[in-house]
Each structure stands twice: as C-alpha cells, then as structure tokens.
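*Asks:* Contents of coords03.tsv (TSV, C-alpha atoms (C1' of nucleotides)) are given next:
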chain	number	residue	atom	x	y	z
A	1	MET	CA	104.64	85.13	115.94
A	2	PRO	CA	107.71	87.25	116.42
A	3	ASN	CA	110.99	86.47	114.80
A	4	SER	CA	112.73	83.17	115.07
A	5	ASP	CA	114.79	84.68	117.86
A	6	ARG	CA	111.62	84.30	119.89
A	7	ALA	CA	111.58	87.72	121.34
A	8	GLY	CA	108.48	87.04	123.38
A	9	GLN	CA	110.24	84.44	125.45
A	10	GLU	CA	112.38	87.03	127.16
A	11	VAL	CA	109.57	89.19	128.32
A	12	ALA	CA	107.75	88.84	131.59
A	13	THR	CA	104.07	88.35	130.86
A	14	GLY	CA	100.99	87.04	132.52
A	15	GLU	CA	101.86	83.50	131.45
A	16	PRO	CA	101.61	80.75	134.05
A	17	ALA	CA	105.26	80.21	134.75
A	18	GLY	CA	106.73	83.04	132.69
A	19	CYS	CA	107.86	80.56	130.05
A	20	THR	CA	106.04	79.86	126.84
A	21	ARG	CA	106.29	76.66	124.85
A	22	TRP	CA	106.82	78.03	121.37
A	23	LEU	CA	105.94	76.08	118.27
A	24	ASP	CA	108.72	74.02	116.76
A	25	SER	CA	109.22	74.34	113.04
A	26	GLU	CA	107.05	71.32	112.24
A	27	GLU	CA	104.21	72.78	114.25
A	28	GLN	CA	104.79	76.20	112.79
A	29	ARG	CA	104.47	74.86	109.27
A	30	ALA	CA	101.42	72.80	110.09
A	31	TRP	CA	99.79	75.75	111.78
A	32	ARG	CA	100.34	78.16	108.94
A	33	ALA	CA	99.24	75.65	106.35
A	34	PHE	CA	96.10	75.01	108.33
A	35	LEU	CA	95.35	78.71	108.66
A	36	ARG	CA	95.80	79.20	104.97
A	37	ALA	CA	93.69	76.21	104.06
A	38	ALA	CA	90.87	77.13	106.38
A	39	ALA	CA	90.83	80.70	105.18
A	40	GLN	CA	90.81	79.71	101.54
A	41	VAL	CA	88.05	77.18	101.96
A	42	ASP	CA	85.94	79.63	103.85
A	43	GLU	CA	86.47	82.33	101.33
A	44	ALA	CA	85.77	80.10	98.34
A	45	LEU	CA	82.51	78.83	99.77
A	46	ASP	CA	81.31	82.18	100.96
A	47	ARG	CA	82.02	83.71	97.61
A	48	GLN	CA	80.34	80.98	95.63
A	49	LEU	CA	77.20	81.02	97.74
A	50	GLN	CA	76.99	84.77	97.86
A	51	ARG	CA	77.36	84.99	94.12
A	52	ASP	CA	75.11	82.12	93.07
A	53	ALA	CA	72.55	81.97	95.85
A	54	GLY	CA	72.64	85.37	97.51
A	55	MET	CA	73.48	84.07	100.95
A	56	PRO	CA	76.60	83.67	103.03
A	57	HIS	CA	77.81	80.24	104.00
A	58	ALA	CA	76.59	80.67	107.56
A	59	TYR	CA	73.04	81.09	106.33
A	60	TYR	CA	73.31	78.09	104.10
A	61	GLN	CA	74.33	76.04	107.10
A	62	VAL	CA	71.26	77.18	108.97
A	63	LEU	CA	69.00	76.12	106.13
A	64	ALA	CA	70.87	72.83	105.75
A	65	MET	CA	70.54	71.87	109.41
A	66	LEU	CA	66.87	72.77	109.46
A	67	SER	CA	66.27	70.72	106.33
A	68	GLU	CA	67.47	67.58	108.09
A	69	ALA	CA	65.59	68.12	111.32
A	70	PRO	CA	62.24	66.49	112.10
A	71	ASP	CA	59.49	68.76	110.81
A	72	ARG	CA	62.27	70.95	109.50
A	73	THR	CA	62.21	72.53	112.91
A	74	LEU	CA	64.84	73.16	115.55
A	75	ARG	CA	65.11	75.08	118.71
A	76	MET	CA	67.34	78.12	118.43
A	77	SER	CA	69.81	76.78	120.95
A	78	GLN	CA	70.16	73.46	119.16
A	79	LEU	CA	70.48	75.18	115.83
A	80	ALA	CA	73.20	77.37	117.28
A	81	GLY	CA	75.07	74.28	118.42
A	82	LEU	CA	74.77	72.57	115.07
A	83	THR	CA	76.00	75.58	113.16
A	84	THR	CA	78.75	76.48	115.62
A	85	SER	CA	77.41	79.94	116.12
A	86	SER	CA	76.66	82.14	119.08
A	87	ALA	CA	73.10	82.76	120.19
A	88	SER	CA	73.38	86.33	119.02
A	89	ARG	CA	74.76	85.47	115.64
A	90	LEU	CA	72.03	82.94	115.06
A	91	SER	CA	69.34	85.32	116.20
A	92	HIS	CA	70.48	87.95	113.73
A	93	ALA	CA	70.82	85.35	111.00
A	94	VAL	CA	67.34	83.96	111.53
A	95	ALA	CA	65.96	87.48	111.54
A	96	ARG	CA	67.50	87.99	108.13
A	97	LEU	CA	66.30	84.64	106.85
A	98	GLU	CA	62.84	85.48	108.08
A	99	GLU	CA	62.84	88.65	106.00
A	100	LYS	CA	63.65	86.54	102.98
A	101	GLY	CA	60.78	84.23	103.83
A	102	TRP	CA	63.05	81.20	104.14
A	103	VAL	CA	62.61	80.60	107.85
A	104	ARG	CA	59.74	81.19	110.26
A	105	ARG	CA	59.80	81.51	114.03
A	106	ASP	CA	57.35	79.57	116.16
A	107	ARG	CA	56.84	79.50	119.87
A	108	HIS	CA	58.02	76.45	121.73
A	109	PRO	CA	55.00	74.45	122.92
A	110	THR	CA	56.11	73.81	126.49
A	111	ASP	CA	59.04	76.11	127.25
A	112	ARG	CA	57.83	79.62	126.79
A	113	ARG	CA	61.31	81.03	126.65
A	114	GLY	CA	62.12	78.93	123.67
A	115	ALA	CA	61.78	79.79	120.02
A	116	LEU	CA	61.59	77.32	117.17
A	117	ALA	CA	63.10	78.00	113.80
A	118	VAL	CA	61.16	76.37	110.97
A	119	LEU	CA	62.30	76.02	107.38
A	120	THR	CA	59.59	77.27	105.03
A	121	ASP	CA	58.83	75.79	101.63
A	122	ALA	CA	60.49	78.78	100.04
A	123	GLY	CA	63.51	78.13	102.23
A	124	TRP	CA	63.58	74.52	101.17
A	125	ASP	CA	63.45	75.57	97.54
A	126	ALA	CA	66.26	78.06	98.03
A	127	LEU	CA	68.36	75.36	99.64
A	128	VAL	CA	67.64	72.85	96.89
A	129	ALA	CA	68.57	75.43	94.30
A	130	ALA	CA	71.80	76.30	96.08
A	131	ALA	CA	72.90	72.79	96.99
A	132	PRO	CA	74.41	71.52	93.73
A	133	GLY	CA	76.65	74.53	93.28
A	134	HIS	CA	77.66	74.37	96.89
A	135	VAL	CA	78.57	70.71	96.81
A	136	THR	CA	80.57	71.28	93.68
A	137	ALA	CA	82.44	74.07	95.42
A	138	VAL	CA	83.10	71.85	98.43
A	139	ARG	CA	84.52	69.18	96.16
A	140	ALA	CA	86.67	71.66	94.34
A	141	ALA	CA	87.98	73.11	97.58
A	142	ILE	CA	88.56	69.87	99.47
A	143	PHE	CA	87.73	66.44	98.17
A	144	ASP	CA	89.06	66.75	94.66
A	145	ARG	CA	92.43	67.46	96.24
A	146	LEU	CA	92.56	64.60	98.73
A	147	ASP	CA	92.81	60.84	98.41
A	148	PRO	CA	90.54	58.63	100.55
A	149	GLU	CA	93.16	58.13	103.25
A	150	GLN	CA	93.58	61.85	103.61
A	151	VAL	CA	89.83	62.27	103.86
A	152	ALA	CA	89.81	59.81	106.73
A	153	GLY	CA	92.74	61.61	108.28
A	154	LEU	CA	91.06	64.96	107.93
A	155	ARG	CA	88.04	63.64	109.69
A	156	ALA	CA	90.01	62.12	112.54
A	157	ILE	CA	92.08	65.24	113.04
A	158	SER	CA	89.11	67.56	112.82
A	159	GLU	CA	87.18	65.54	115.34
A	160	ARG	CA	90.05	65.79	117.73
A	161	ILE	CA	90.24	69.52	117.32
A	162	ALA	CA	86.52	70.11	117.60
A	163	ASP	CA	85.07	70.02	121.07
A	164	TYR	CA	83.61	66.59	121.02
A	165	PRO	CA	80.46	67.26	119.02
A	166	GLU	CA	78.23	64.50	120.36
A	167	SER	CA	77.82	64.36	124.11
B	1	MET	CA	72.88	70.04	102.29
B	2	PRO	CA	69.28	68.92	101.85
B	3	ASN	CA	67.99	65.71	103.28
B	4	SER	CA	69.53	62.35	102.62
B	5	ASP	CA	66.95	61.88	99.90
B	6	ARG	CA	69.12	64.35	97.99
B	7	ALA	CA	66.36	66.53	96.78
B	8	GLY	CA	68.73	68.72	94.82
B	9	GLN	CA	69.65	65.93	92.49
B	10	GLU	CA	66.24	65.96	90.88
B	11	VAL	CA	66.24	69.61	90.01
B	12	ALA	CA	67.50	71.05	86.78
B	13	THR	CA	70.17	73.61	87.57
B	14	GLY	CA	73.04	75.33	85.90
B	15	GLU	CA	75.34	72.43	86.72
B	16	PRO	CA	77.58	71.14	83.95
B	17	ALA	CA	75.72	67.96	83.08
B	18	GLY	CA	72.66	68.39	85.28
B	19	CYS	CA	74.02	65.80	87.70
B	20	THR	CA	75.79	66.56	90.92
B	21	ARG	CA	78.24	64.28	92.66
B	22	TRP	CA	76.97	64.43	96.24
B	23	LEU	CA	79.15	63.72	99.18
B	24	ASP	CA	79.16	60.15	100.43
B	25	SER	CA	78.75	59.68	104.14
B	26	GLU	CA	82.49	59.52	104.79
B	27	GLU	CA	82.98	62.80	103.01
B	28	GLN	CA	79.97	64.27	104.71
B	29	ARG	CA	81.36	63.46	108.12
B	30	ALA	CA	84.81	64.71	107.28
B	31	TRP	CA	83.38	67.89	105.87
B	32	ARG	CA	81.27	68.71	108.87
B	33	ALA	CA	84.02	67.87	111.29
B	34	PHE	CA	86.35	70.15	109.39
B	35	LEU	CA	83.86	72.98	109.37
B	36	ARG	CA	83.33	72.65	113.08
B	37	ALA	CA	87.02	72.44	113.84
B	38	ALA	CA	87.92	75.42	111.68
B	39	ALA	CA	85.14	77.52	113.16
B	40	GLN	CA	86.07	76.66	116.71
B	41	VAL	CA	89.75	77.34	116.22
B	42	ASP	CA	89.00	80.65	114.59
B	43	GLU	CA	86.63	81.66	117.27
B	44	ALA	CA	88.93	80.64	120.11
B	45	LEU	CA	91.88	82.58	118.73
B	46	ASP	CA	89.89	85.63	117.81
B	47	ARG	CA	88.38	85.75	121.25
B	48	GLN	CA	91.64	85.28	123.07
B	49	LEU	CA	93.43	87.96	121.10
B	50	GLN	CA	90.58	90.40	121.26
B	51	ARG	CA	90.30	89.97	124.99
B	52	ASP	CA	93.99	89.95	125.89
B	53	ALA	CA	95.55	92.09	123.22
B	54	GLY	CA	92.75	94.20	121.81
B	55	MET	CA	93.13	92.99	118.26
B	56	PRO	CA	91.48	90.42	116.03
B	57	HIS	CA	93.44	87.47	114.75
B	58	ALA	CA	93.71	88.97	111.29
B	59	TYR	CA	95.57	91.97	112.69
B	60	TYR	CA	97.88	89.77	114.68
B	61	GLN	CA	98.79	87.95	111.50
B	62	VAL	CA	99.67	91.22	109.83
B	63	LEU	CA	101.99	92.15	112.67
B	64	ALA	CA	103.49	88.66	112.74
B	65	MET	CA	104.31	88.62	109.04
B	66	LEU	CA	105.83	92.07	109.18
B	67	SER	CA	107.94	91.08	112.17
B	68	GLU	CA	109.63	88.38	110.14
B	69	ALA	CA	110.23	90.44	107.04
B	70	PRO	CA	113.52	92.17	106.26
B	71	ASP	CA	113.42	95.64	107.83
B	72	ARG	CA	110.03	94.64	109.20
B	73	THR	CA	108.70	95.91	105.91
B	74	LEU	CA	106.53	94.40	103.23
B	75	ARG	CA	104.71	95.58	100.21
B	76	MET	CA	100.96	95.60	100.63
B	77	SER	CA	100.45	93.02	97.91
B	78	GLN	CA	102.95	90.61	99.44
B	79	LEU	CA	101.50	91.13	102.87
B	80	ALA	CA	98.06	90.39	101.49
B	81	GLY	CA	99.34	87.14	100.06
B	82	LEU	CA	101.00	86.10	103.29
B	83	THR	CA	97.92	86.79	105.37
B	84	THR	CA	95.46	85.32	102.87
B	85	SER	CA	93.49	88.51	102.68
B	86	SER	CA	92.10	90.64	99.91
B	87	ALA	CA	93.74	93.90	99.01
B	88	SER	CA	90.76	95.74	100.40
B	89	ARG	CA	90.74	93.91	103.67
B	90	LEU	CA	94.41	94.50	104.17
B	91	SER	CA	94.11	98.16	103.30
B	92	HIS	CA	91.40	98.62	105.92
B	93	ALA	CA	93.38	96.61	108.43
B	94	VAL	CA	96.56	98.58	107.93
B	95	ALA	CA	94.59	101.81	108.24
B	96	ARG	CA	93.37	100.62	111.60
B	97	LEU	CA	96.82	99.47	112.70
B	98	GLU	CA	98.19	102.83	111.64
B	99	GLU	CA	95.74	104.57	113.95
B	100	LYS	CA	97.04	102.44	116.77
B	101	GLY	CA	100.58	103.38	115.87
B	102	TRP	CA	101.60	99.79	115.24
B	103	VAL	CA	102.22	100.07	111.52
B	104	ARG	CA	103.38	102.88	109.29
B	105	ARG	CA	102.97	103.31	105.55
B	106	ASP	CA	105.92	104.27	103.39
B	107	ARG	CA	106.14	104.92	99.70
B	108	HIS	CA	107.78	102.31	97.56
B	109	PRO	CA	111.17	103.61	96.36
B	110	THR	CA	110.87	102.61	92.70
B	111	ASP	CA	107.25	101.70	91.99
B	112	ARG	CA	105.19	104.73	92.81
B	113	ARG	CA	101.97	102.79	92.89
B	114	GLY	CA	103.27	100.64	95.67
B	115	ALA	CA	102.92	101.16	99.39
B	116	LEU	CA	105.11	99.61	102.05
B	117	ALA	CA	103.78	98.56	105.40
B	118	VAL	CA	106.35	98.92	108.17
B	119	LEU	CA	106.07	97.52	111.68
B	120	THR	CA	106.80	100.25	114.21
B	121	ASP	CA	108.56	99.71	117.51
B	122	ALA	CA	105.24	100.05	119.27
B	123	GLY	CA	103.86	97.44	116.91
B	124	TRP	CA	106.73	95.12	117.70
B	125	ASP	CA	106.09	95.59	121.41
B	126	ALA	CA	102.40	94.89	120.99
B	127	LEU	CA	103.22	91.72	119.10
B	128	VAL	CA	105.75	90.57	121.68
B	129	ALA	CA	103.23	91.19	124.42
B	130	ALA	CA	100.51	89.28	122.59
B	131	ALA	CA	102.60	86.36	121.38
B	132	PRO	CA	102.82	84.14	124.47
B	133	GLY	CA	99.09	84.15	125.08
B	134	HIS	CA	98.47	83.53	121.43
B	135	VAL	CA	100.83	80.58	121.19
B	136	THR	CA	99.28	79.11	124.29
B	137	ALA	CA	95.88	79.43	122.70
B	138	VAL	CA	97.11	77.79	119.50
B	139	ARG	CA	98.47	74.89	121.50
B	140	ALA	CA	95.25	74.52	123.43
B	141	ALA	CA	93.19	74.62	120.26
B	142	ILE	CA	95.33	72.35	118.10
B	143	PHE	CA	98.60	70.82	119.16
B	144	ASP	CA	97.69	69.69	122.64
B	145	ARG	CA	95.04	67.56	120.99
B	146	LEU	CA	97.13	65.91	118.29
B	147	ASP	CA	99.98	63.45	118.31
B	148	PRO	CA	103.02	64.07	116.08
B	149	GLU	CA	101.74	61.90	113.26
B	150	GLN	CA	98.53	63.83	113.19
B	151	VAL	CA	100.44	67.08	113.10
B	152	ALA	CA	102.29	65.82	110.05
B	153	GLY	CA	99.01	64.71	108.55
B	154	LEU	CA	97.40	68.05	109.21
B	155	ARG	CA	100.21	69.79	107.46
B	156	ALA	CA	100.12	67.51	104.44
B	157	ILE	CA	96.36	67.79	104.10
B	158	SER	CA	96.33	71.54	104.61
B	159	GLU	CA	99.02	72.05	102.01
B	160	ARG	CA	96.98	70.09	99.53
B	161	ILE	CA	93.93	72.16	100.23
B	162	ALA	CA	95.70	75.48	100.12
B	163	ASP	CA	96.51	76.85	96.71
B	164	TYR	CA	100.13	75.96	96.55
B	165	PRO	CA	101.59	78.73	98.66
B	166	GLU	CA	105.06	78.93	97.18
B	167	SER	CA	105.24	79.49	93.47
C	1	DG	C1'	54.57	80.10	147.18
C	2	DA	C1'	58.66	83.33	146.85
C	3	DC	C1'	63.34	84.21	146.11
C	4	DG	C1'	67.86	83.57	143.55
C	5	DG	C1'	70.29	81.80	140.13
C	6	DA	C1'	70.49	79.63	135.66
C	7	DT	C1'	68.84	79.33	130.84
C	8	DA	C1'	66.85	81.11	126.25
C	9	DG	C1'	66.68	84.45	123.27
C	10	DT	C1'	66.72	89.35	121.49
C	11	DT	C1'	68.53	93.90	120.70
C	12	DG	C1'	71.61	97.90	119.41
C	13	DA	C1'	76.12	99.80	118.96
C	14	DA	C1'	80.66	99.06	117.37
C	15	DT	C1'	83.77	96.79	114.32
C	16	DG	C1'	85.61	94.13	110.54
C	17	DC	C1'	84.87	92.35	105.93
C	18	DT	C1'	83.07	92.24	101.06
C	19	DC	C1'	82.02	94.24	96.89
C	20	DA	C1'	82.16	97.55	93.34
C	21	DA	C1'	83.98	101.70	91.84
C	22	DC	C1'	87.73	104.36	91.44
C	23	DA	C1'	92.52	106.61	90.83
C	24	DA	C1'	97.21	106.37	89.85
C	25	DA	C1'	101.00	104.42	87.78
C	26	DG	C1'	103.64	100.84	85.29
C	27	DA	C1'	104.11	97.91	80.84
C	28	DC	C1'	104.04	97.37	76.18
C	29	DG	C1'	103.05	97.59	71.29
C	30	DA	C1'	102.09	100.65	67.28
D	1	DT	C1'	104.70	109.47	72.19
D	2	DC	C1'	100.41	107.87	72.34
D	3	DG	C1'	96.89	104.61	73.62
D	4	DT	C1'	95.51	100.68	75.97
D	5	DC	C1'	95.76	97.09	79.25
D	6	DT	C1'	97.33	95.56	83.62
D	7	DT	C1'	98.74	96.11	88.27
D	8	DT	C1'	98.50	98.35	92.83
D	9	DG	C1'	96.15	100.22	96.23
D	10	DT	C1'	92.28	103.04	98.40
D	11	DT	C1'	87.56	104.26	99.43
D	12	DG	C1'	82.63	104.10	100.90
D	13	DA	C1'	78.40	101.62	101.31
D	14	DG	C1'	76.29	97.55	102.89
D	15	DC	C1'	76.22	93.54	105.48
D	16	DA	C1'	77.60	90.00	109.16
D	17	DT	C1'	79.40	89.21	113.63
D	18	DT	C1'	80.70	90.44	118.30
D	19	DC	C1'	79.93	92.22	122.73
D	20	DA	C1'	77.34	93.85	126.42
D	21	DA	C1'	73.06	94.72	128.17
D	22	DC	C1'	68.41	93.33	128.80
D	23	DT	C1'	63.83	90.64	129.19
D	24	DA	C1'	61.46	86.63	130.06
D	25	DT	C1'	61.05	82.18	131.74
D	26	DC	C1'	62.37	78.03	134.13
D	27	DC	C1'	64.26	75.44	138.06
D	28	DG	C1'	65.53	74.42	142.65
D	29	DT	C1'	65.38	75.56	147.46
D	30	DC	C1'	63.79	77.48	151.58
What's the structure tokens form of this structure?
*Replies:*
Amino acid sequence: MPNSDRAGQEVATGEPAGCTRWLDSEEQRAWRAFLRAAAQVDEALDRQLQRDAGMPHAYYQVLAMLSEAPDRTLRMSQLAGLTTSSASRLSHAVARLEEKGWVRRDRHPTDRRGALAVLTDAGWDALVAAAPGHVTAVRAAIFDRLDPEQVAGLRAISERIADYPES
Amino acid sequence: MPNSDRAGQEVATGEPAGCTRWLDSEEQRAWRAFLRAAAQVDEALDRQLQRDAGMPHAYYQVLAMLSEAPDRTLRMSQLAGLTTSSASRLSHAVARLEEKGWVRRDRHPTDRRGALAVLTDAGWDALVAAAPGHVTAVRAAIFDRLDPEQVAGLRAISERIADYPES
DNA sequence: GACGGATAGTTGAATGCTCAACAAAGACGA
DNA sequence: TCGTCTTTGTTGAGCATTCAACTATCCGTC
C-alpha cells in the first residue's frame, strides 16, 4: 500500500463510491504478518518436498487426496476442488504425475466427458515415502510454534476465510 | 497425507528415530483449512491485481515496500527480506518492473556490490492506481469475514509462524 | 429429436519462480 | 599485501501456473 498519507484516497478511481476503506494499523499488521507466514510456510514445504521427494507441494496434495478417496480414485473436477486448484493446473499436474507413473487416467463409466484420476501403487509408495518428512516439516512450520488454543483459533479463522469448503 | 491407517508410520525412512508424530484430527483440520485459506487468498489477490493493474501480487508488494521507504529506495537485500522473496526472485522481478518503468536501479554509494531499487514516479502512480482495488480485495478476502478478536488472533498466530520478522 | 447453453477437461503460449552456477566486491587474518 | 571466506546480486535453464482458446459431452427445452 502507498505511504501512510494514503495517497490513493485522493485519486478518482473506479471504486464504488470513490472512497476506499483503508486498513487501520491493526489490520495492516495482521495482514502483513499473515502474508509473511503464508509465504514462509509455502516456501518451506515446497522446498522440503522438492528436495526430499522430487515433487512440489501441489503434487503431494494431489497424491494425498487420491490416497484417501474410495478406490484411490477421484474425478478431475472433485480433485481440483479438494486441492484448491484450477482445472488447467490440475490437468497439467496429472499429466506430469502420469509421466512419473504415480497416477493413471481412466474414463468415467457414465459421463463420457469425465476423467478419473487413479493413484497407482507406485504413487502410493511415493506418497508413503514422502509423508514422514512432510509431516515433520508441517510440524516445524506450524504446530511446533502454536499452543492448542492457537491451533483451534487458526482453524476457526481459516475456515472463515476459506469459501465454505463443505456445501 | 496417506490414509488414516497411517501407512507411512510402518515404513523405515530417514526420520530421526524412525517414528513420525502424525497430525491428530484437530491439527489435520486446522492444517487443511489453513492451506485452503492461504491458497484462496493468494489466488484472489493475484487475480484481481493481474486483471486490474497488470501485475502479480509479488510485484505489487515490491512497489508497496519501496513506496514506504526513505527516498522510495531500498537495497535489494532489504527489499527481498521485506517481500519474503529470494534474491533471485527479486532480481527477476525488479528487472521486469524496470522494463515497465516503475522501478530504477542505482548503484550503492559505498558498497559497490550493492544495488538500490528506486520507485519511479510512474511506479508511484501505478501503485496509487492499483491500491484501492487491492485494499478492497484484501478486505473481501480477509477482514470482512473476521471480527476484531479474530483479527488480533490472526496476527498473533501469523507472527508466531513467521520467522520473527524484526531482529 | 434438434438446438443452445452449461459442464468437463485438455492444450499451447506466455509468464513467474526455483535452482545452481557464476561474478564481483567486501571482510579479515596471516 | 595476499589469500580465503562471506556477502551481494545477476543470469539462464527448467519447471509450474495462468490465461485463453478449443473439443467433447451432457442437459433442458422447444
């Protein structure tokens, strides 16, 4: 944001009523802390997984979601929802995971538009191998730093921010 | 993570003592909610800025930090710290911002290794033009969804997670 | 049925980021 | 002054993600 003089406020823009509700200093601090925290967590996990398991965090999430699904199978659209990724991103990701032999694509039995992503045995093994290091990294990045109340708070806050996950 | 049977636990890995402390279900829920929230916030802001201002969020942060610095000038290494980005990422980003005429590079007066990033007038204008829409997006993504206590909680939690920002 | 719009998924080009390698300069002890 | 180690920053290759088409299929309506 611009300087504390709030230069933007003076300028006519496309905003609804020409006036913007700037962040107060409490919000400002919370916002920047959140940005920093989110960035650091993301970077730490991506790094760890890339180094130790040869995959980015996004790919790990794909494998993880598939591993918990019935028959280790999910429709692309559902998988996209679970991993918070666009259809395109998921499609590219699954293509890459297919090359590695960790995921296979099947046709949907009834809807011929649909594709099913299936976790292969090799994919399962890769996930199992990667999981301990990943969980350790998650602990180091988050849970080792928070007390139980804060964990509950984090969950409540995050669920408010996220677009209500379950319908 | 693998199934709730915790397949990874059985496997010998490089972990310290061969045993991994898995996440309990409270932690699991908090973790996934956080991931989802962080991803959605990131995506929403990136989208809004790309659409309305032609820059990714990371570039906006660079401009914002420079705008608050004395003489609108910062050393690359400091700027990297403030924007939570690697030296390489920042270098690429500043190169791009230079092409747009929003940032200029100067030599450091005493340390000849150092480079100074300077926000140009055009850069200031771009920031001022982008700020209202950005702040509105931040509100929509975060603060419109939280009450004041939660804002305070978010800050406290985020500061714990982030590697203590101030020395 | 046949049309029109929605839904599911893929593709390729463009862009940003990571990683590793590198260069250039400061810092410091012998 | 030399040699070495550290710090600062840049570069290019490779990879992931985004965006904008595009195809194929489904669904509802006439």
*Asks:* From the set D:DT1, D:DT23, D:DT7, D:DT17, which residue has the shortest atom-to-atom contact distance to chain A, counting all atoms listed in the file?
*Replies:* D:DT17
*Asks:* Place a sphere of radius 12 Å on (104.0, 93.4, 118.9) in the file coordinates and name every protein, DNA or RNA residue with an atom inside or on its surface, counting only C-alpha atoms (C1' of nucleotides); give the answer as a ChimeraX atom specification.
*Replies:* /A:1-3,6-8,11 /B:53-55,59-68,72,97,100-103,119-132,134
*Asks:* Hey, which of B:Leu154, B:Leu49, B:Ala58, B:Cys19 ends up closest to Ile142 in chain B? Count only C-alpha atoms.
*Replies:*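 Ranked by minimum distance to Ile142 in chain B, first place goes to B:Leu154.
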*Asks:* Each residue of chain D lying at most 8 Å from chain A should get a row with its shortest atom-to-atom pair and the distance in Å to one decimal, counting all atoms listed in the file; could you produce that, ordered by chain and increasing number, as JSON lines?
*Replies:*
{"residue": "D:DT17", "atom": "C1'", "partner": "A:Arg89", "partner_atom": "CA", "distance": 6.3}
{"residue": "D:DA24", "atom": "C1'", "partner": "A:Arg113", "partner_atom": "CA", "distance": 6.6}
{"residue": "D:DT25", "atom": "C1'", "partner": "A:Arg113", "partner_atom": "CA", "distance": 5.2}
{"residue": "D:DC26", "atom": "C1'", "partner": "A:Asp111", "partner_atom": "CA", "distance": 7.9}
*Asks:* Using only C-alpha atoms (C1' of nucleotides), which of A:Ala37, A:Ala80, A:Ile157, A:Ala44 sits nearest DG9 in chain C?
*Replies:*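 Using only C-alpha atoms (C1' of nucleotides), DG9 in chain C sits closest to A:Ala80.
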*Asks:* In terms of the shortest atom-to-atom distance over all atoms listed in the file, which of C:DA8, C:DC28, C:DC22, C:DA14 is closest to chain A?
*Replies:*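 Looking at the shortest contact to chain A, the residue is C:DA8.
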*Asks:* Return the single residue from B:Leu146, B:Val135, B:Val118, B:Ala87 that is closest to chain C, with distances computed using all atoms listed in the file.
*Replies:*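 Under the stated criterion, the closest residue is B:Ala87.
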*Asks:* Select from chain C every residue with an atom at most 7 Å from any atom of chain B, then for each give the shortest pair of atoms and their distance in Å to one decimal, using only C-alpha atoms (C1' of nucleotides), rows by chain and rising number, as JSON lines.
*Replies:*
{"residue": "C:DC17", "atom": "C1'", "partner": "B:Arg89", "partner_atom": "CA", "distance": 6.5}
{"residue": "C:DA24", "atom": "C1'", "partner": "B:Arg113", "partner_atom": "CA", "distance": 6.7}
{"residue": "C:DA25", "atom": "C1'", "partner": "B:Arg113", "partner_atom": "CA", "distance": 5.5}
*Asks:* Quick one: of B:Thr84, B:Gln50, B:Arg107, B:Leu45, who's nearest to chain A, counting only C-alpha atoms?
*Replies:*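 Counting only C-alpha atoms, the residue closest to chain A is B:Thr84.
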*Asks:* Which value, in Å to one decimal, gives the distance between CA of Asp147 in chain A and CA of Arg47 in chain A?
*Replies:*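 Pair CA of Asp147 in chain A / CA of Arg47 in chain A returns 25.3 Å.
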*Asks:* Mind pulling up the distance from CA of Ala33 in chain B to CA of Asp42 in chain A?
*Replies:* 14.0 Å
*Asks:* In Å to one decimal, how far is CA of Ala156 in chain B from CA of Glu26 in chain B?
*Replies:* 19.4 Å
*Asks:* Box for range 134-151 of chain B: with edges along x, y and z, all listed atoms inside and 8 Å added on each side, what are the centre and edge lengths in Å to one decimal, as AutoDock Vina command-line options?
*Replies:*
--center_x 98.1 --center_y 72.7 --center_z 118.7 --size_x 25.8 --size_y 37.6 --size_z 27.2
*Asks:* As a PDB file, in the frame of the given file, could you write out range 38-50 of chain B once it has been completed with N, CA and C atoms?
*Replies:*
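Once written, out.pdb looks like this:
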ATOM      1  N   ALA B  38      87.400  74.135 112.164  1.00  0.00           N
ATOM      2  CA  ALA B  38      87.920  75.420 111.680  1.00  0.00           C
ATOM      3  C   ALA B  38      87.202  76.575 112.376  1.00  0.00           C
ATOM      4  N   ALA B  39      85.910  76.447 112.527  1.00  0.00           N
ATOM      5  CA  ALA B  39      85.140  77.520 113.160  1.00  0.00           C
ATOM      6  C   ALA B  39      85.548  77.687 114.616  1.00  0.00           C
ATOM      7  N   GLN B  40      85.731  76.575 115.298  1.00  0.00           N
ATOM      8  CA  GLN B  40      86.070  76.660 116.710  1.00  0.00           C
ATOM      9  C   GLN B  40      87.466  77.228 116.926  1.00  0.00           C
ATOM     10  N   VAL B  41      88.391  76.810 116.094  1.00  0.00           N
ATOM     11  CA  VAL B  41      89.750  77.340 116.220  1.00  0.00           C
ATOM     12  C   VAL B  41      89.727  78.842 115.978  1.00  0.00           C
ATOM     13  N   ASP B  42      89.087  79.236 114.916  1.00  0.00           N
ATOM     14  CA  ASP B  42      89.000  80.650 114.590  1.00  0.00           C
ATOM     15  C   ASP B  42      88.394  81.451 115.716  1.00  0.00           C
ATOM     16  N   GLU B  43      87.338  80.927 116.234  1.00  0.00           N
ATOM     17  CA  GLU B  43      86.630  81.660 117.270  1.00  0.00           C
ATOM     18  C   GLU B  43      87.489  81.759 118.538  1.00  0.00           C
ATOM     19  N   ALA B  44      88.113  80.661 118.894  1.00  0.00           N
ATOM     20  CA  ALA B  44      88.930  80.640 120.110  1.00  0.00           C
ATOM     21  C   ALA B  44      90.065  81.657 120.016  1.00  0.00           C
ATOM     22  N   LEU B  45      90.734  81.687 118.864  1.00  0.00           N
ATOM     23  CA  LEU B  45      91.880  82.580 118.730  1.00  0.00           C
ATOM     24  C   LEU B  45      91.445  84.033 118.665  1.00  0.00           C
ATOM     25  N   ASP B  46      90.375  84.266 117.932  1.00  0.00           N
ATOM     26  CA  ASP B  46      89.890  85.630 117.810  1.00  0.00           C
ATOM     27  C   ASP B  46      89.496  86.183 119.174  1.00  0.00           C
ATOM     28  N   ARG B  47      88.802  85.380 119.912  1.00  0.00           N
ATOM     29  CA  ARG B  47      88.380  85.750 121.250  1.00  0.00           C
ATOM     30  C   ARG B  47      89.552  86.057 122.151  1.00  0.00           C
ATOM     31  N   GLN B  48      90.499  85.118 122.185  1.00  0.00           N
ATOM     32  CA  GLN B  48      91.640  85.280 123.070  1.00  0.00           C
ATOM     33  C   GLN B  48      92.401  86.565 122.742  1.00  0.00           C
ATOM     34  N   LEU B  49      92.659  86.789 121.481  1.00  0.00           N
ATOM     35  CA  LEU B  49      93.430  87.960 121.100  1.00  0.00           C
ATOM     36  C   LEU B  49      92.650  89.247 121.342  1.00  0.00           C
ATOM     37  N   GLN B  50      91.390  89.209 121.042  1.00  0.00           N
ATOM     38  CA  GLN B  50      90.580  90.400 121.260  1.00  0.00           C
ATOM     39  C   GLN B  50      90.553  90.757 122.741  1.00  0.00           C
TER      40      GLN B  50
END
